[in-house]
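Enquirer: Structure supplied as input_17.txt; contents: compact mmCIF, C-alpha atoms.
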# COMPACT_ATOMS: atom_id res chain seq x y z
CA MET A 8 0.00 0.00 0.00
CA PHE A 9 1.25 3.50 -0.78
CA PRO A 10 2.04 5.48 2.40
CA ALA A 11 0.00 8.60 1.55
CA PRO A 12 -3.28 6.81 0.71
CA ALA A 13 -2.77 4.55 3.74
CA PHE A 14 -2.41 7.58 5.98
CA LEU A 15 -5.32 9.41 4.39
CA SER A 16 -7.59 6.38 4.15
CA ASN A 17 -8.61 6.95 7.77
CA PRO A 18 -11.42 9.55 7.63
CA GLU A 19 -10.62 10.98 11.08
CA ARG A 20 -6.97 11.51 10.17
CA PHE A 21 -7.95 12.91 6.80
CA MET A 22 -10.38 15.40 8.36
CA ALA A 23 -7.74 16.52 10.89
CA PHE A 24 -5.13 16.89 8.13
CA SER A 25 -7.37 18.64 5.61
CA ARG A 26 -8.69 21.09 8.20
CA TRP A 27 -5.40 22.99 8.17
CA ALA A 28 -4.04 21.84 4.79
CA ALA A 29 -6.96 23.19 2.71
CA PRO A 30 -6.63 26.84 3.85
CA MET A 31 -2.83 26.57 3.74
CA PHE A 32 -2.90 25.51 0.07
CA GLY A 33 -5.39 28.31 -0.60
CA VAL A 34 -3.03 30.94 0.82
CA ILE A 35 -0.10 29.48 -1.14
CA ALA A 36 -2.22 29.61 -4.32
CA VAL A 37 -3.08 33.30 -3.82
CA VAL A 38 0.55 34.29 -3.15
CA LEU A 39 1.86 32.33 -6.16
CA ALA A 40 -0.93 33.67 -8.41
CA LEU A 41 -0.20 37.29 -7.46
CA ALA A 42 3.53 36.78 -8.11
CA GLY A 43 2.84 35.02 -11.41
CA LEU A 44 0.38 37.67 -12.59
CA TRP A 45 2.84 40.44 -11.71
CA LEU A 46 5.62 38.76 -13.69
CA GLY A 47 3.16 37.94 -16.50
CA PHE A 48 2.10 41.55 -16.94
CA THR A 49 5.63 42.92 -16.65
CA ALA A 50 7.02 40.49 -19.24
CA PRO A 51 7.80 42.00 -22.64
CA GLU A 52 5.52 41.37 -25.61
CA ASP A 53 6.47 38.33 -27.66
CA TYR A 54 7.98 39.18 -31.04
CA GLN A 55 5.47 36.95 -32.84
CA GLN A 56 2.45 36.67 -30.53
CA GLY A 57 2.54 40.23 -29.23
CA ASP A 58 0.46 40.70 -26.07
CA THR A 59 -1.48 37.47 -26.64
CA VAL A 60 1.45 35.66 -25.04
CA ARG A 61 -0.16 36.70 -21.73
CA ILE A 62 -3.04 34.30 -22.47
CA MET A 63 -0.45 31.50 -22.38
CA PHE A 64 0.18 32.17 -18.68
CA ILE A 65 -3.38 31.11 -17.84
CA HIS A 66 -4.04 28.72 -20.72
CA VAL A 67 -1.07 26.38 -20.30
CA PRO A 68 -1.53 25.84 -16.51
CA ALA A 69 -5.23 25.12 -17.12
CA ALA A 70 -4.24 22.55 -19.76
CA TRP A 71 -1.70 20.97 -17.39
CA MET A 72 -4.33 20.80 -14.65
CA SER A 73 -6.95 19.26 -16.94
CA MET A 74 -4.62 16.26 -17.33
CA PHE A 75 -3.21 16.23 -13.81
CA VAL A 76 -6.69 16.23 -12.23
CA TYR A 77 -7.76 13.41 -14.51
CA ALA A 78 -4.67 11.43 -13.40
CA CYS A 79 -5.79 12.06 -9.80
CA LEU A 80 -9.31 10.94 -10.71
CA GLY A 81 -7.91 7.79 -12.31
CA GLY A 82 -5.59 7.06 -9.36
CA ALA A 83 -8.34 7.56 -6.80
CA SER A 84 -10.72 5.43 -8.88
CA PHE A 85 -8.13 2.65 -9.01
CA LEU A 86 -7.71 2.73 -5.22
CA ALA A 87 -11.48 2.80 -4.75
CA LEU A 88 -12.02 -0.10 -7.12
CA VAL A 89 -9.16 -2.34 -5.96
CA PHE A 90 -8.78 -1.47 -2.25
CA ARG A 91 -12.38 -0.35 -1.62
CA HIS A 92 -11.23 2.87 0.04
CA ALA A 93 -14.34 4.94 0.74
CA LEU A 94 -12.18 8.07 0.91
CA ALA A 95 -10.57 7.26 -2.43
CA ASP A 96 -14.04 7.13 -3.98
CA ALA A 97 -14.89 10.44 -2.31
CA ALA A 98 -11.62 11.86 -3.70
CA ALA A 99 -12.50 10.70 -7.21
CA GLN A 100 -15.98 12.16 -6.99
CA ALA A 101 -14.62 15.44 -5.63
CA ALA A 102 -11.98 15.78 -8.35
CA ALA A 103 -14.26 15.46 -11.38
CA PRO A 104 -16.04 18.87 -11.32
CA LEU A 105 -12.73 20.64 -10.69
CA GLY A 106 -11.08 18.80 -13.58
CA ALA A 107 -13.99 19.62 -15.86
CA ALA A 108 -13.69 23.31 -14.93
CA PHE A 109 -9.94 23.33 -15.69
CA THR A 110 -10.59 21.60 -19.03
CA VAL A 111 -13.25 24.17 -19.97
CA LEU A 112 -10.76 26.90 -19.08
CA ALA A 113 -8.04 25.28 -21.18
CA LEU A 114 -10.35 25.01 -24.20
CA ALA A 115 -11.86 28.50 -23.83
CA THR A 116 -8.61 30.38 -23.22
CA GLY A 117 -6.97 28.39 -26.01
CA SER A 118 -9.77 29.45 -28.30
CA LEU A 119 -9.33 33.09 -27.29
CA TRP A 120 -5.64 32.78 -28.15
CA GLY A 121 -6.26 30.81 -31.35
CA ARG A 122 -8.59 33.36 -32.94
CA PRO A 123 -6.00 36.17 -33.28
CA MET A 124 -3.00 33.84 -33.79
CA TRP A 125 -4.41 31.08 -36.03
CA GLY A 126 -7.37 32.98 -37.41
CA ALA A 127 -9.78 30.34 -36.06
CA TRP A 128 -11.64 29.81 -32.79
CA TRP A 129 -11.40 26.06 -33.22
CA VAL A 130 -9.66 23.50 -35.41
CA TRP A 131 -10.16 19.75 -35.31
CA ASP A 132 -6.51 18.99 -34.73
CA ALA A 133 -5.39 16.08 -32.55
CA ARG A 134 -4.54 18.11 -29.43
CA LEU A 135 -7.77 20.12 -29.32
CA THR A 136 -9.91 17.12 -30.17
CA SER A 137 -8.27 14.87 -27.55
CA VAL A 138 -8.75 17.58 -24.90
CA LEU A 139 -12.41 17.84 -25.93
CA VAL A 140 -12.64 14.05 -25.45
CA LEU A 141 -11.08 14.55 -22.00
CA LEU A 142 -13.85 17.02 -21.15
CA LEU A 143 -16.44 14.50 -22.36
CA PHE A 144 -14.93 11.86 -20.05
CA TYR A 145 -15.27 14.25 -17.09
CA LEU A 146 -18.88 15.03 -18.01
CA ALA A 147 -19.71 11.36 -18.61
CA TYR A 148 -18.20 10.44 -15.23
CA MET A 149 -20.30 13.06 -13.42
CA ALA A 150 -23.45 12.15 -15.34
CA LEU A 151 -22.95 8.45 -14.62
CA ARG A 152 -22.45 9.05 -10.90
CA ALA A 153 -25.52 11.28 -10.78
CA SER A 154 -27.71 8.85 -12.69
CA LEU A 155 -27.32 5.87 -10.31
CA ASP A 156 -29.13 5.91 -6.96
CA ASP A 157 -27.15 2.98 -5.55
CA GLU A 158 -23.98 4.60 -4.20
CA ALA A 159 -21.89 1.41 -4.42
CA LYS A 160 -22.93 0.74 -8.03
CA ALA A 161 -22.32 4.39 -8.95
CA ALA A 162 -18.85 4.26 -7.40
CA ARG A 163 -17.93 1.05 -9.24
CA ALA A 164 -19.31 2.16 -12.61
CA GLY A 165 -17.74 5.60 -12.24
CA ALA A 166 -14.35 4.10 -11.35
CA ILE A 167 -14.39 1.81 -14.39
CA LEU A 168 -15.32 4.70 -16.69
CA ALA A 169 -12.62 6.89 -15.14
CA LEU A 170 -9.99 4.18 -15.69
CA VAL A 171 -11.04 3.76 -19.33
CA GLY A 172 -10.57 7.51 -19.76
CA VAL A 173 -6.99 7.31 -18.47
CA VAL A 174 -6.10 5.87 -21.89
CA ASN A 175 -6.79 9.32 -23.31
CA LEU A 176 -4.08 11.01 -21.19
CA PRO A 177 -1.05 9.81 -23.22
CA ILE A 178 -3.02 10.58 -26.39
CA VAL A 179 -3.50 14.19 -25.23
CA HIS A 180 0.14 14.48 -24.20
CA TRP A 181 1.73 12.99 -27.32
CA SER A 182 -0.90 14.08 -29.82
CA VAL A 183 1.35 16.91 -30.98
CA ASN A 184 4.10 14.37 -31.75
CA TRP A 185 1.99 11.56 -33.18
CA TRP A 186 0.02 13.74 -35.59
CA ASN A 187 0.75 16.81 -37.64
CA THR A 188 -1.10 19.37 -35.53
CA LEU A 189 -1.61 23.09 -35.74
CA HIS A 190 -1.14 23.17 -31.98
CA GLN A 191 2.49 23.69 -31.08
CA GLY A 192 4.57 20.95 -29.47
CA ALA A 193 5.78 20.82 -25.87
CA SER A 194 7.80 23.89 -24.95
CA VAL A 195 8.35 23.44 -21.20
CA PHE A 196 8.62 19.73 -20.33
CA ARG A 197 10.75 18.55 -23.23
CA LYS A 198 14.14 17.04 -23.95
CA GLY A 199 16.81 19.73 -23.84
CA GLY A 200 14.86 21.91 -21.38
CA PRO A 201 12.27 24.63 -21.86
CA ALA A 202 12.20 26.37 -25.24
CA MET A 203 11.39 29.83 -23.91
CA THR A 204 13.03 32.72 -22.18
CA VAL A 205 12.79 33.06 -18.39
CA ASP A 206 10.63 36.17 -18.96
CA TYR A 207 7.83 33.79 -19.94
CA LEU A 208 8.93 30.64 -18.13
CA TYR A 209 8.82 32.09 -14.60
CA PRO A 210 5.27 33.50 -14.72
CA LEU A 211 4.13 30.30 -16.43
CA LEU A 212 5.65 28.09 -13.73
CA LEU A 213 4.43 30.32 -10.89
CA LEU A 214 0.87 30.27 -12.23
CA GLY A 215 1.15 26.52 -12.84
CA LEU A 216 2.07 26.03 -9.17
CA ALA A 217 -0.73 28.44 -8.15
CA TYR A 218 -3.27 26.39 -10.11
CA MET A 219 -1.89 23.22 -8.51
CA ALA A 220 -2.17 24.68 -4.99
CA ALA A 221 -5.68 25.99 -5.73
CA PHE A 222 -6.70 22.54 -6.90
CA GLY A 223 -5.15 20.98 -3.78
CA SER A 224 -7.13 23.33 -1.56
CA LEU A 225 -10.45 22.92 -3.37
CA TRP A 226 -10.03 19.18 -3.71
CA LEU A 227 -9.58 18.82 0.04
CA VAL A 228 -12.61 21.06 0.68
CA ARG A 229 -14.74 18.96 -1.66
CA ILE A 230 -13.56 15.65 -0.17
CA ARG A 231 -14.45 17.02 3.28
CA ALA A 232 -17.90 17.93 1.93
CA GLU A 233 -18.26 14.40 0.59
CA VAL A 234 -17.29 12.89 3.97
CA TRP A 235 -19.92 15.07 5.68
CA ARG A 236 -22.52 14.16 3.05
CA ARG A 237 -21.95 10.45 3.62
CA ARG A 238 -22.04 10.90 7.40
CA ALA A 239 -25.29 12.87 7.12
CA GLU A 240 -26.88 10.27 4.86
CA ALA A 241 -25.76 7.42 7.12
CA ALA A 242 -27.17 9.25 10.17
CA ALA A 243 -30.45 9.93 8.36
CA LEU A 244 -30.69 6.25 7.45
CA ARG A 245 -30.03 5.18 11.03
CA ALA A 246 -32.69 7.62 12.28
CA ALA A 247 -35.20 6.30 9.75
CA ARG A 248 -34.59 2.70 10.86
CA ALA A 249 -34.82 3.50 14.59
CA MET B 8 7.05 47.97 -15.96
CA LEU B 9 3.48 46.80 -15.58
CA ASP B 10 1.87 46.55 -19.02
CA LEU B 11 -1.94 46.53 -18.79
CA ASP B 12 -2.50 47.81 -22.33
CA PRO B 13 -2.86 44.80 -24.63
CA GLY B 14 -3.55 47.06 -27.62
CA PRO B 15 -5.44 45.37 -30.46
CA TYR B 16 -5.62 42.08 -28.55
CA ALA B 17 -7.61 43.47 -25.61
CA ALA B 18 -10.80 41.80 -26.91
CA PHE B 19 -9.11 38.40 -26.50
CA ILE B 20 -6.88 38.87 -23.46
CA TRP B 21 -9.36 40.44 -21.01
CA PRO B 22 -12.12 37.89 -21.71
CA ALA B 23 -9.58 35.10 -21.16
CA TYR B 24 -8.56 36.55 -17.78
CA GLY B 25 -12.17 37.43 -16.90
CA LEU B 26 -13.40 33.94 -17.69
CA THR B 27 -10.55 32.43 -15.67
CA ALA B 28 -11.43 34.62 -12.68
CA LEU B 29 -15.13 33.71 -13.00
CA VAL B 30 -14.44 29.99 -13.20
CA PHE B 31 -12.13 30.13 -10.18
CA LEU B 32 -14.70 32.14 -8.19
CA GLY B 33 -17.35 29.62 -9.20
CA MET B 34 -15.19 26.67 -8.11
CA ILE B 35 -14.39 28.34 -4.78
CA ALA B 36 -18.02 29.34 -4.06
CA ALA B 37 -19.44 25.96 -5.09
CA SER B 38 -16.87 24.00 -3.06
CA LEU B 39 -17.24 26.11 0.10
CA ASN B 40 -21.05 26.15 -0.11
CA ARG B 41 -21.17 22.40 -0.57
CA ALA B 42 -18.85 21.82 2.39
CA ARG B 43 -20.79 24.25 4.60
CA ARG B 44 -24.17 22.75 3.67
CA TRP B 45 -23.19 19.13 4.33
CA ARG B 46 -21.27 20.00 7.48
CA LYS B 47 -24.37 21.66 8.95
CA LYS B 48 -26.53 18.76 7.88
CA ALA B 49 -24.10 16.19 9.35
CA GLU B 50 -23.84 18.15 12.60
CA SER B 51 -27.60 18.43 12.94
CA LEU B 52 -28.00 14.66 12.44
CA THR B 53 -25.09 13.53 14.61
CA ARG B 54 -24.00 14.51 18.10
CA GLY B 55 -21.64 17.48 18.09
CA PRO B 56 -19.44 19.58 15.79
CA GLU B 57 -17.30 17.64 13.34
CA ALA B 58 -13.54 17.87 12.83
With the file now loaded, output its structure as structure tokens.

Expert:
Amino acid sequence: MFPAPAFLSNPERFMAFSRWAAPMFGVIAVVLALAGLWLGFTAPEDYQQGDTVRIMFIHVPAAWMSMFVYACLGGASFLALVFRHALADAAAQAAAPLGAAFTVLALATGSLWGRPMWGAWWVWDARLTSVLVLLLFYLAYMALRASLDDEAKAARAGAILALVGVVNLPIVHWSVNWWNTLHQGASVFRKGGPAMTVDYLYPLLLLGLAYMAAFGSLWLVRIRAEVWRRRAEAAALRAARA
Amino acid sequence: MLDLDPGPYAAFIWPAYGLTALVFLGMIAASLNRARRWRKKAESLTRGPEA
């Protein structure tokens, strides 16, 4: 068993940990976001993209998060399915709406960058299409969970769907290499190091970390909400039987 | 020097930042409201305040 899930699989320990960790991640997110935005709006205009390069500072972290959150959803679903961790299922359920929101942001801000740079709001290239499929997996997961009254069946079906969707993650990541896409290739996490000046790299990384911390904070808040929901429903059931 | 004048690209940059701010505010409000609602419900159905 992995140490972190083992530690967090106890609801009491998780609630005690998340009580201080959620606000702490929130504060870290705000500080990093302010620093990243300051650097982003003091960076020089790009010689090709002009001022639209500033959209990259919020688009790229949203795109990273859309995949990272899905990896979390897949990991939590795996733990829920194999080890029957109730908290892992709560974590999966809590991650999905946040991941969907990050994916919508990635698509929308990408579109707002694409219109002036490519001359099109949308193109059916492999990267954009695979990210759209990622959004559909998030929506399908949430719809499936909402459509089943039996919590155990919903958890199992949702986990299986989430794990099927994990197949899409490498497709999103390598789509720009496997197909001839209009979308540019990797420019930060690539062999030979980042292909951009520190003027753009630092605000991008700071905002990436801010998005990550914000997700950490909101994820914990939503898992706590899920724990309370399950406690409330269990208590209501006990009261009804008494 | 802070550059808040995106020139001809203002119609694309400000909506991108505005939408991002809105989505983040929505995620924060929805998450906190959900936690508050279920915490109150759980507390009213069980003994005392939760962790």

Enquirer: How many Å lie between atom CA of Leu29 of chain B and atom CA of Val173 of chain A, rounded to one decimal?

Expert: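 Here the two named atoms are 28.2 Å from each other.
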
Enquirer: Using 8 Å as the limit and counting all atoms listed in the file, can you tabulate each residue of chain B that touches chain A, with its shortest atom-to-atom distance in Å and the two atoms involved, as JSON lines?

Expert:
{"residue": "B:Met8", "atom": "CA", "partner": "A:Thr49", "partner_atom": "CA", "distance": 5.3}
{"residue": "B:Leu9", "atom": "CA", "partner": "A:Thr49", "partner_atom": "CA", "distance": 4.6}
{"residue": "B:Asp10", "atom": "CA", "partner": "A:Phe48", "partner_atom": "CA", "distance": 5.4}
{"residue": "B:Leu11", "atom": "CA", "partner": "A:Phe48", "partner_atom": "CA", "distance": 6.7}
{"residue": "B:Pro13", "atom": "CA", "partner": "A:Asp58", "partner_atom": "CA", "distance": 5.5}
{"residue": "B:Gly14", "atom": "CA", "partner": "A:Asp58", "partner_atom": "CA", "distance": 7.7}
{"residue": "B:Tyr16", "atom": "CA", "partner": "A:Thr59", "partner_atom": "CA", "distance": 6.5}
{"residue": "B:Phe19", "atom": "CA", "partner": "A:Leu119", "partner_atom": "CA", "distance": 5.4}
{"residue": "B:Ile20", "atom": "CA", "partner": "A:Ile62", "partner_atom": "CA", "distance": 6.1}
{"residue": "B:Pro22", "atom": "CA", "partner": "A:Leu119", "partner_atom": "CA", "distance": 7.9}
{"residue": "B:Ala23", "atom": "CA", "partner": "A:Thr116", "partner_atom": "CA", "distance": 5.2}
{"residue": "B:Tyr24", "atom": "CA", "partner": "A:Ile65", "partner_atom": "CA", "distance": 7.5}
{"residue": "B:Leu26", "atom": "CA", "partner": "A:Leu112", "partner_atom": "CA", "distance": 7.6}
{"residue": "B:Thr27", "atom": "CA", "partner": "A:Leu112", "partner_atom": "CA", "distance": 6.5}
{"residue": "B:Val30", "atom": "CA", "partner": "A:Ala108", "partner_atom": "CA", "distance": 6.9}
{"residue": "B:Met34", "atom": "CA", "partner": "A:Leu105", "partner_atom": "CA", "distance": 7.0}
{"residue": "B:Ile35", "atom": "CA", "partner": "A:Leu225", "partner_atom": "CA", "distance": 6.8}
{"residue": "B:Ser38", "atom": "CA", "partner": "A:Arg229", "partner_atom": "CA", "distance": 5.6}
{"residue": "B:Leu39", "atom": "CA", "partner": "A:Val228", "partner_atom": "CA", "distance": 6.9}
{"residue": "B:Arg41", "atom": "CA", "partner": "A:Ala232", "partner_atom": "CA", "distance": 6.1}
{"residue": "B:Ala42", "atom": "CA", "partner": "A:Ala232", "partner_atom": "CA", "distance": 4.0}
{"residue": "B:Arg43", "atom": "CA", "partner": "A:Ala232", "partner_atom": "CA", "distance": 7.4}
{"residue": "B:Trp45", "atom": "CA", "partner": "A:Arg236", "partner_atom": "CA", "distance": 5.2}
{"residue": "B:Arg46", "atom": "CA", "partner": "A:Trp235", "partner_atom": "CA", "distance": 5.4}
{"residue": "B:Lys48", "atom": "CA", "partner": "A:Ala239", "partner_atom": "CA", "distance": 6.1}
{"residue": "B:Ala49", "atom": "CA", "partner": "A:Ala239", "partner_atom": "CA", "distance": 4.2}
{"residue": "B:Glu50", "atom": "CA", "partner": "A:Ala239", "partner_atom": "CA", "distance": 7.7}
{"residue": "B:Leu52", "atom": "CA", "partner": "A:Ala242", "partner_atom": "CA", "distance": 5.9}
{"residue": "B:Thr53", "atom": "CA", "partner": "A:Ala242", "partner_atom": "CA", "distance": 6.5}
{"residue": "B:Ala58", "atom": "CA", "partner": "A:Met22", "partner_atom": "CA", "distance": 6.0}

Enquirer: Would you save the residues of that selection, restricted to C-alpha atoms, as an mmCIF file, keeping the file's coordinate frame?

Expert:
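Result file is out-v2.cif:
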data_model
loop_
_atom_site.group_PDB
_atom_site.id
_atom_site.type_symbol
_atom_site.label_atom_id
_atom_site.label_comp_id
_atom_site.auth_asym_id
_atom_site.auth_seq_id
_atom_site.Cartn_x
_atom_site.Cartn_y
_atom_site.Cartn_z
ATOM 1 C CA MET B 8 7.050 47.970 -15.960
ATOM 2 C CA LEU B 9 3.480 46.800 -15.580
ATOM 3 C CA ASP B 10 1.870 46.550 -19.020
ATOM 4 C CA LEU B 11 -1.940 46.530 -18.790
ATOM 5 C CA PRO B 13 -2.860 44.800 -24.630
ATOM 6 C CA GLY B 14 -3.550 47.060 -27.620
ATOM 7 C CA TYR B 16 -5.620 42.080 -28.550
ATOM 8 C CA PHE B 19 -9.110 38.400 -26.500
ATOM 9 C CA ILE B 20 -6.880 38.870 -23.460
ATOM 10 C CA PRO B 22 -12.120 37.890 -21.710
ATOM 11 C CA ALA B 23 -9.580 35.100 -21.160
ATOM 12 C CA TYR B 24 -8.560 36.550 -17.780
ATOM 13 C CA LEU B 26 -13.400 33.940 -17.690
ATOM 14 C CA THR B 27 -10.550 32.430 -15.670
ATOM 15 C CA VAL B 30 -14.440 29.990 -13.200
ATOM 16 C CA MET B 34 -15.190 26.670 -8.110
ATOM 17 C CA ILE B 35 -14.390 28.340 -4.780
ATOM 18 C CA SER B 38 -16.870 24.000 -3.060
ATOM 19 C CA LEU B 39 -17.240 26.110 0.100
ATOM 20 C CA ARG B 41 -21.170 22.400 -0.570
ATOM 21 C CA ALA B 42 -18.850 21.820 2.390
ATOM 22 C CA ARG B 43 -20.790 24.250 4.600
ATOM 23 C CA TRP B 45 -23.190 19.130 4.330
ATOM 24 C CA ARG B 46 -21.270 20.000 7.480
ATOM 25 C CA LYS B 48 -26.530 18.760 7.880
ATOM 26 C CA ALA B 49 -24.100 16.190 9.350
ATOM 27 C CA GLU B 50 -23.840 18.150 12.600
ATOM 28 C CA LEU B 52 -28.000 14.660 12.440
ATOM 29 C CA THR B 53 -25.090 13.530 14.610
ATOM 30 C CA ALA B 58 -13.540 17.870 12.830
#

Enquirer: Counting all atoms listed in the file, select every polymer residue within 12 Å of (-16.3, 9.5, -20.8) as defined in the file's coordinates, and provide the selection as a PyMOL selection string.

Expert: chain A and resi 77+103+107+137-152+164-175

Enquirer: Quick one, how far is atom CA of Leu39 of chain A from atom CA of Ala99 of chain A?

Expert: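 Atom CA of Ala99 of chain A lies at a distance of 26.0 Å from atom CA of Leu39 of chain A.
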
Enquirer: In Å, rounded to a single decimal, give me how far atom CA of Gly106 of chain A is from atom CA of Ala153 of chain A.

Expert: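 Between atom CA of Ala153 of chain A and atom CA of Gly106 of chain A the gap is 16.5 Å.
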
Enquirer: At a cut-off of 10 Å from (-1.4, 20.8, -36.2) in the coordinates of the file, what residues are picked up using all atoms listed in the file, written as a list in words?

Expert: Val130, Trp131, Asp132, Ala133, Arg134, Leu135, Ser182, Val183, Asn184, Trp186, Asn187, Thr188, Leu189, His190, Gln191 and Gly192 of chain A

Enquirer: Within 9 Å of Leu208 of chain A, counting only C-alpha atoms, which residues qualify if same-chain residues fewer than 6 places away don't, as a list of chain:residue names?

Expert: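 Contacts, in chain order: A:Phe64, A:Val195, A:Pro201, A:Ala202.
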
Enquirer: Just need the box for segment 20-24 of chain B, edges along x, y and z, holding every atom the file lists for it with 3 Å tacked onto each side, so centre and edge lengths in Å to one decimal, as AutoDock Vina command-line options.

Expert:
--center_x -9.5 --center_y 37.8 --center_z -20.6 --size_x 11.2 --size_y 11.3 --size_z 11.7
